[in-house]
Amino acid sequence: MVEFNLNGEAVTARDDHPHLLAALREELGIVSAKDGCSPSGQCGCCTVLMGGKARISCQTPMDKVAGADIVTLEGIDGAEVERMAEAFAACGALQCGFCTPGIVVRTKALIDKNGAELTRDQASRHLGAHLCRCTGYIKILDAVEALAQGDVPVAVRPGGIGASGTKYEGRELSVGRRDFIDDMTVTGMLHGALRLTDHARADVLSIDPSAALALPGVRAVFGADSIPAARRVGIIHKDWPVMIPVGGRTAYLGDVLAVVVADSRQAARAAAELVAVEYDVHEPMVDPVRVIHQAEPAVWELDGNVLSTSTYARGDVDAALAASAHTITETFQTQRVEHAFLEPESTLAVPTMAAGTHAPLDADAPGQADVPASLHVYSGGQGIWDDRNDIAAMLGVEVDRITTELVSNGGAFGGKEDMSNQAHTALAAWLTGRPVKITLSREESLLMHPKRHPIRMEYAAGCDADGALTAVRVRMIGDSGPYASVGMKVLERAAGHATGPYVVPNVDVEAIAARTNNAVCGAFRGFGANQAQFAMEGVIDRLAEQVGISGWEMRSRNVVTPGVTWGPGQVLDDGCLGARACLDAVRPAYDAAVAAGNAVGMGLGLKNSGLGNGFKEVAKAVLRFRDDGMVEVRHCWTEMGQGVHTVVQQVVIEELGLDAERIRVLVDSSRELGAGQTTGSRGTLMGAGSVKAACEAARADGCKVGVDYEGEYRVDWTNSLGEIAAAKEAGAAIENPIIHSTFGYAAQVVVMDGETGEIERVIAAHDVGRAVNPMLCEGQIEGAVHMGLGYALSEGFPCDESGFPVNTTLRSLDIIRPKDMPPVEVILVESPQPDSPYGIKGVGEIGLVPTAGAVAAAIRAQTGEWHTELPIHNVANRERATAWT
């Protein structure tokens, strides 16, 4: 046992904890210190005070804690905690909030030491111990400065549409007072851990759990044979095995072989390592260019290695290129990228037993052992109705026996669309009849969830003597890994956005998604648009040089306008006026930087809002007035830091004039509201539309207590690329298909020191249609630019020849830290989308679409080199695909 002082009181903790963080969270009930990466100490989420100094608790062994004074946010003076919460909320210095409590503790240590002498530069260097994936650090440093100077702004509650205000639950999140799933406990709860495969492609000959079952505290080990019904899940195709059975074959390093259930997390993890597996190992199929031509399937029980092919063509590309005054052919390669959300995936499943029955593990309880009557699953996934449906199918029960409830997660960016451990947790709770929680380690998270697609893109393009584009031909191959996820949609989106926000009269595009044994790839902020537009922006800049005009001018001569035909054939409406508005907004900064002798690059991008491509999108919301004066608003979108709960709150304020304090926002499957995944920058657009409709229904009925007022917003008029191709094949071509209902636009200028190559600042003009909450909207853009700079310069998640990820820690991902993040000047452009609620477009993804192209152009201006492969600086994080042929 170890004795020390915790928050002013003497405590005793077991000495067998792997580190102080485990003792705090697992034994002493302290949850403000978050576990984002233990025991590597690379995220800073677990920061505490030890002897008055900031300390990473997952790097602090228990023998170093004896006799020490440990202080967490729970033990800091209440008035001081409120002041810090106020500052972070008022400055918009948080989004998902998972990293924020650790940053707040570090802030206290810095101010206690330096007081008003603390500079922004000092703070940025000391915050290098902390990773924030959401904010880009800019507003965090604003909050730290305000606290150091004793000039804390007043946190203003949000008002109606267009008003800046604090994030929903912002104060509570800032100081660790709102639980994430791993912070939650229930009576009788057990812990689960997963046994993952050791090989990317291997036949499983045997699984022996005997050593695991012999470990004290272990209650059960479940394999694929324990699954009552459906053994595969998936968002689009049900091709992802919950577990690989004996006699099956693994397809990547994230495949699960067994679930261990034990009394403690430590016991479950130790036991999972003891599950013995015998394999017959096969050579992984890891080269997507070769694998699409091979007859042998990369994935067990699935035919073919081509997941999807997306194509479209307009005009005569060959003739147009032949007649062009200038042409360019180039091959571009983007890399696989890890989301690096700070909260590892966590699920809690709580069963309810029917009267007269007891849980199978509780042999001494009265009644007959039976499966539960129902199951309540707390999920951080991006589509809780999809989670519910797949869990019910796996258990072989009706969906009304399963309730899923969102616990707003600690970041996602697309990486929590596919289920990770939800099915395993639900299965363990169902079979034991006891509550079970499973939280992935950082290493497991890196292995399991899908990444950003690496895509090889061959472009041929031309323009006339004045720079007007004449033709673009594109051939893409993307590595989707073994399971579908949404890979076919990512490549379809990349194909649709292949020509960027430009008028191109002749187009020929093909995009193939390949199945391999590398890490699964799926949704990630940008969803194919950023890969394609990195290439297209490179094409624009190369042609501009041939014509002898600036990058800004080249874009100006080709930018879309209302009535033109774009990409796959869609005629654009007045919503596209935002593209020109963004270009014009950055021109003064662009011209001034060039005149000052800086190395300057710019990028222009568009990104759809909504799924489009023929998908029938229906979003619903329910408004309910309670007896206590509160108003519950249920909607169907996952809050993951982007602020959709705040949007919903502001719509209710706008429509009904209610005070923000009266509004409670909920997401659970108790009502049938599901619109699929929170993806495609559509949460604000469709969430606002459905909640607005619910408010209108309530107002028309007098806002009665106890009534569910339902609202709906739908987009059901788009066409898919497959539908277009089929119609053309049948001789009934769809002349001007509608691929997407809405687009957002953005122009970014990267200003670089001409001598050192250091990025001095980024100017980001973004057309959001209508900024529901300008402060939070700015924060979204700043965070997206941060992510876009990392994408351009340093980040990557390559796999080796065995399909094993090269990077196994957060640090190795090479995410930009605070001291290296340049200032970002955000210009909000509001060019409304016709017929959308309040003119809203979307902002979640467009923020990083132009960034990589702008960075590459600035480097060209500084060094004279063209770059075709990402990341530009950190070669070690590039895809193996440089060798693809």
# chains A, B, ... in the order shown; residues from 1 in each chain; ligands from 1

call {"tool": "residues_around", "arguments": {"residues": "Ala792 in chain A", "least_positions_apart": "2", "cutoff": "9 Å", "atoms": "only C-alpha atoms", "output": "VMD selection string"}}
result
chain A and resid 787 to 790 794 to 795 851 to 853 855 to 856 869 to 873

call {"tool": "select_by_dssp", "arguments": {"residues": "range 136-321 of chain A", "states": "strand (DSSP E or B)", "output": "PDB file with N, CA and C atoms, in the first residue's frame"}}
result
ATOM      1  N   LEU A 190     -18.595  -5.008 -14.411  1.00  0.00           N
ATOM      2  CA  LEU A 190     -17.395  -5.756 -14.763  1.00  0.00           C
ATOM      3  C   LEU A 190     -16.640  -5.004 -15.856  1.00  0.00           C
ATOM      4  N   HIS A 191     -15.402  -5.429 -16.082  1.00  0.00           N
ATOM      5  CA  HIS A 191     -14.568  -4.788 -17.097  1.00  0.00           C
ATOM      6  C   HIS A 191     -14.204  -5.804 -18.177  1.00  0.00           C
ATOM      7  N   GLY A 192     -14.164  -5.334 -19.402  1.00  0.00           N
ATOM      8  CA  GLY A 192     -13.790  -6.220 -20.499  1.00  0.00           C
ATOM      9  C   GLY A 192     -12.501  -5.765 -21.153  1.00  0.00           C
ATOM     10  N   ALA A 193     -11.844  -6.693 -21.811  1.00  0.00           N
ATOM     11  CA  ALA A 193     -10.656  -6.390 -22.606  1.00  0.00           C
ATOM     12  C   ALA A 193     -10.667  -7.294 -23.831  1.00  0.00           C
ATOM     13  N   LEU A 194     -10.072  -6.826 -24.919  1.00  0.00           N
ATOM     14  CA  LEU A 194     -10.104  -7.538 -26.188  1.00  0.00           C
ATOM     15  C   LEU A 194      -8.764  -8.205 -26.463  1.00  0.00           C
ATOM     16  N   ARG A 195      -8.837  -9.400 -26.999  1.00  0.00           N
ATOM     17  CA  ARG A 195      -7.637 -10.084 -27.502  1.00  0.00           C
ATOM     18  C   ARG A 195      -7.609  -9.883 -29.007  1.00  0.00           C
ATOM     19  N   LEU A 196      -6.624  -9.117 -29.488  1.00  0.00           N
ATOM     20  CA  LEU A 196      -6.490  -8.855 -30.912  1.00  0.00           C
ATOM     21  C   LEU A 196      -5.550  -9.863 -31.554  1.00  0.00           C
ATOM     22  N   ALA A 202      -3.925 -14.391 -41.356  1.00  0.00           N
ATOM     23  CA  ALA A 202      -3.559 -15.715 -40.831  1.00  0.00           C
ATOM     24  C   ALA A 202      -4.812 -16.513 -40.532  1.00  0.00           C
ATOM     25  N   ASP A 203      -4.734 -17.809 -40.796  1.00  0.00           N
ATOM     26  CA  ASP A 203      -5.812 -18.709 -40.389  1.00  0.00           C
ATOM     27  C   ASP A 203      -5.711 -18.941 -38.885  1.00  0.00           C
ATOM     28  N   VAL A 204      -6.839 -18.885 -38.207  1.00  0.00           N
ATOM     29  CA  VAL A 204      -6.870 -19.131 -36.766  1.00  0.00           C
ATOM     30  C   VAL A 204      -7.142 -20.617 -36.546  1.00  0.00           C
ATOM     31  N   LEU A 205      -6.129 -21.331 -36.077  1.00  0.00           N
ATOM     32  CA  LEU A 205      -6.245 -22.781 -35.896  1.00  0.00           C
ATOM     33  C   LEU A 205      -6.853 -23.149 -34.562  1.00  0.00           C
ATOM     34  N   SER A 206      -6.533 -22.389 -33.521  1.00  0.00           N
ATOM     35  CA  SER A 206      -7.104 -22.672 -32.205  1.00  0.00           C
ATOM     36  C   SER A 206      -7.011 -21.442 -31.324  1.00  0.00           C
ATOM     37  N   ILE A 207      -7.951 -21.331 -30.389  1.00  0.00           N
ATOM     38  CA  ILE A 207      -7.940 -20.279 -29.373  1.00  0.00           C
ATOM     39  C   ILE A 207      -8.128 -20.960 -28.025  1.00  0.00           C
ATOM     40  N   ASP A 208      -7.151 -20.831 -27.139  1.00  0.00           N
ATOM     41  CA  ASP A 208      -7.174 -21.503 -25.836  1.00  0.00           C
ATOM     42  C   ASP A 208      -7.266 -20.450 -24.728  1.00  0.00           C
ATOM     43  N   VAL A 218     -11.094 -13.240 -13.155  1.00  0.00           N
ATOM     44  CA  VAL A 218     -11.637 -13.397 -14.504  1.00  0.00           C
ATOM     45  C   VAL A 218     -12.951 -14.156 -14.437  1.00  0.00           C
ATOM     46  N   ARG A 219     -13.980 -13.613 -15.080  1.00  0.00           N
ATOM     47  CA  ARG A 219     -15.322 -14.214 -15.027  1.00  0.00           C
ATOM     48  C   ARG A 219     -15.667 -15.019 -16.274  1.00  0.00           C
ATOM     49  N   ALA A 220     -15.178 -14.605 -17.440  1.00  0.00           N
ATOM     50  CA  ALA A 220     -15.557 -15.307 -18.667  1.00  0.00           C
ATOM     51  C   ALA A 220     -14.644 -14.879 -19.805  1.00  0.00           C
ATOM     52  N   VAL A 221     -14.566 -15.746 -20.816  1.00  0.00           N
ATOM     53  CA  VAL A 221     -13.903 -15.421 -22.073  1.00  0.00           C
ATOM     54  C   VAL A 221     -14.858 -15.822 -23.189  1.00  0.00           C
ATOM     55  N   PHE A 222     -15.186 -14.892 -24.067  1.00  0.00           N
ATOM     56  CA  PHE A 222     -16.125 -15.142 -25.154  1.00  0.00           C
ATOM     57  C   PHE A 222     -15.414 -15.016 -26.498  1.00  0.00           C
ATOM     58  N   ARG A 232     -21.323 -10.472 -38.385  1.00  0.00           N
ATOM     59  CA  ARG A 232     -20.676  -9.368 -39.089  1.00  0.00           C
ATOM     60  C   ARG A 232     -21.535  -8.112 -38.983  1.00  0.00           C
ATOM     61  N   VAL A 233     -20.878  -6.983 -38.900  1.00  0.00           N
ATOM     62  CA  VAL A 233     -21.548  -5.699 -38.787  1.00  0.00           C
ATOM     63  C   VAL A 233     -20.974  -4.760 -39.846  1.00  0.00           C
ATOM     64  N   TRP A 240     -17.826  -6.746 -41.692  1.00  0.00           N
ATOM     65  CA  TRP A 240     -16.790  -6.595 -40.659  1.00  0.00           C
ATOM     66  C   TRP A 240     -17.079  -7.584 -39.528  1.00  0.00           C
ATOM     67  N   PRO A 241     -16.255  -8.614 -39.338  1.00  0.00           N
ATOM     68  CA  PRO A 241     -16.527  -9.603 -38.295  1.00  0.00           C
ATOM     69  C   PRO A 241     -16.417  -8.999 -36.896  1.00  0.00           C
ATOM     70  N   ARG A 249     -10.114 -16.523 -40.908  1.00  0.00           N
ATOM     71  CA  ARG A 249      -8.843 -15.899 -41.285  1.00  0.00           C
ATOM     72  C   ARG A 249      -8.882 -14.414 -40.947  1.00  0.00           C
ATOM     73  N   VAL A 256     -10.513  -8.822 -33.850  1.00  0.00           N
ATOM     74  CA  VAL A 256     -10.691  -9.293 -32.478  1.00  0.00           C
ATOM     75  C   VAL A 256     -10.913 -10.802 -32.490  1.00  0.00           C
ATOM     76  N   LEU A 257     -10.236 -11.493 -31.560  1.00  0.00           N
ATOM     77  CA  LEU A 257     -10.374 -12.948 -31.450  1.00  0.00           C
ATOM     78  C   LEU A 257     -11.181 -13.356 -30.234  1.00  0.00           C
ATOM     79  N   ALA A 258     -11.118 -12.572 -29.156  1.00  0.00           N
ATOM     80  CA  ALA A 258     -11.814 -12.948 -27.925  1.00  0.00           C
ATOM     81  C   ALA A 258     -12.062 -11.720 -27.060  1.00  0.00           C
ATOM     82  N   VAL A 259     -13.076 -11.830 -26.196  1.00  0.00           N
ATOM     83  CA  VAL A 259     -13.380 -10.809 -25.194  1.00  0.00           C
ATOM     84  C   VAL A 259     -13.231 -11.437 -23.823  1.00  0.00           C
ATOM     85  N   VAL A 260     -12.443 -10.822 -22.965  1.00  0.00           N
ATOM     86  CA  VAL A 260     -12.245 -11.290 -21.596  1.00  0.00           C
ATOM     87  C   VAL A 260     -13.024 -10.378 -20.657  1.00  0.00           C
ATOM     88  N   VAL A 261     -13.749 -10.958 -19.716  1.00  0.00           N
ATOM     89  CA  VAL A 261     -14.518 -10.195 -18.739  1.00  0.00           C
ATOM     90  C   VAL A 261     -13.998 -10.526 -17.347  1.00  0.00           C
ATOM     91  N   ALA A 262     -13.713  -9.484 -16.560  1.00  0.00           N
ATOM     92  CA  ALA A 262     -13.123  -9.675 -15.235  1.00  0.00           C
ATOM     93  C   ALA A 262     -13.640  -8.615 -14.270  1.00  0.00           C
ATOM     94  N   ALA A 276      -4.259 -17.884 -25.565  1.00  0.00           N
ATOM     95  CA  ALA A 276      -3.276 -18.451 -26.494  1.00  0.00           C
ATOM     96  C   ALA A 276      -3.930 -18.740 -27.842  1.00  0.00           C
ATOM     97  N   VAL A 277      -3.257 -18.337 -28.916  1.00  0.00           N
ATOM     98  CA  VAL A 277      -3.803 -18.505 -30.265  1.00  0.00           C
ATOM     99  C   VAL A 277      -2.757 -19.184 -31.144  1.00  0.00           C
ATOM    100  N   GLU A 278      -3.199 -20.180 -31.901  1.00  0.00           N
ATOM    101  CA  GLU A 278      -2.326 -20.845 -32.871  1.00  0.00           C
ATOM    102  C   GLU A 278      -2.769 -20.433 -34.272  1.00  0.00           C
ATOM    103  N   TYR A 279      -1.779 -20.064 -35.116  1.00  0.00           N
ATOM    104  CA  TYR A 279      -2.075 -19.542 -36.446  1.00  0.00           C
ATOM    105  C   TYR A 279      -1.369 -20.343 -37.534  1.00  0.00           C
ATOM    106  N   ASP A 280      -1.907 -20.221 -38.730  1.00  0.00           N
ATOM    107  CA  ASP A 280      -1.186 -20.538 -39.957  1.00  0.00           C
ATOM    108  C   ASP A 280      -1.063 -19.220 -40.714  1.00  0.00           C
ATOM    109  N   VAL A 281       0.129 -18.632 -40.720  1.00  0.00           N
ATOM    110  CA  VAL A 281       0.318 -17.267 -41.187  1.00  0.00           C
ATOM    111  C   VAL A 281       0.472 -17.221 -42.710  1.00  0.00           C
ATOM    112  N   VAL A 306     -11.638  -5.468 -55.356  1.00  0.00           N
ATOM    113  CA  VAL A 306     -12.124  -4.131 -55.705  1.00  0.00           C
ATOM    114  C   VAL A 306     -13.413  -3.891 -54.928  1.00  0.00           C
ATOM    115  N   LEU A 307     -13.330  -3.010 -53.952  1.00  0.00           N
ATOM    116  CA  LEU A 307     -14.505  -2.687 -53.153  1.00  0.00           C
ATOM    117  C   LEU A 307     -15.511  -1.901 -53.976  1.00  0.00           C
ATOM    118  N   SER A 308     -15.021  -0.939 -54.765  1.00  0.00           N
ATOM    119  CA  SER A 308     -15.934  -0.114 -55.565  1.00  0.00           C
ATOM    120  C   SER A 308     -15.168   0.579 -56.680  1.00  0.00           C
ATOM    121  N   THR A 309     -15.905   0.946 -57.708  1.00  0.00           N
ATOM    122  CA  THR A 309     -15.376   1.781 -58.784  1.00  0.00           C
ATOM    123  C   THR A 309     -16.385   2.887 -59.065  1.00  0.00           C
ATOM    124  N   SER A 310     -15.919   4.137 -58.990  1.00  0.00           N
ATOM    125  CA  SER A 310     -16.783   5.290 -59.250  1.00  0.00           C
ATOM    126  C   SER A 310     -16.288   5.997 -60.505  1.00  0.00           C
ATOM    127  N   THR A 311     -17.184   6.215 -61.459  1.00  0.00           N
ATOM    128  CA  THR A 311     -16.771   6.836 -62.727  1.00  0.00           C
ATOM    129  C   THR A 311     -17.800   7.854 -63.198  1.00  0.00           C
ATOM    130  N   TYR A 312     -17.336   8.819 -63.964  1.00  0.00           N
ATOM    131  CA  TYR A 312     -18.211   9.691 -64.736  1.00  0.00           C
ATOM    132  C   TYR A 312     -17.371  10.379 -65.807  1.00  0.00           C
ATOM    133  N   ALA A 313     -18.036  10.825 -66.858  1.00  0.00           N
ATOM    134  CA  ALA A 313     -17.334  11.508 -67.952  1.00  0.00           C
ATOM    135  C   ALA A 313     -18.287  12.479 -68.632  1.00  0.00           C
ATOM    136  N   ARG A 314     -17.728  13.608 -69.058  1.00  0.00           N
ATOM    137  CA  ARG A 314     -18.456  14.601 -69.861  1.00  0.00           C
ATOM    138  C   ARG A 314     -17.532  15.100 -70.956  1.00  0.00           C
TER     139      ARG A 314
END

call {"tool": "residues_around", "arguments": {"residues": "range 587-598 of chain A", "least_positions_apart": "2", "cutoff": "10 Å", "atoms": "only C-alpha atoms", "output": "PyMOL selection string"}}
result
chain A and resi 550-553+582-585+600-602+747-755+757+759-760+762-763+858+861-862

call {"tool": "residues_around", "arguments": {"residues": "range 449-459 of chain A", "least_positions_apart": "6", "cutoff": "6 Å", "atoms": "only C-alpha atoms", "output": "number ranges by chain"}}
result
A: 329-338, 473-479, 520-522, 524

call {"tool": "closest_residue", "arguments": {"among": "A:Glu782, A:Glu82, A:Glu825, A:Glu661", "to": "Glu172 in chain A", "atoms": "only C-alpha atoms"}}
result
A:Glu82
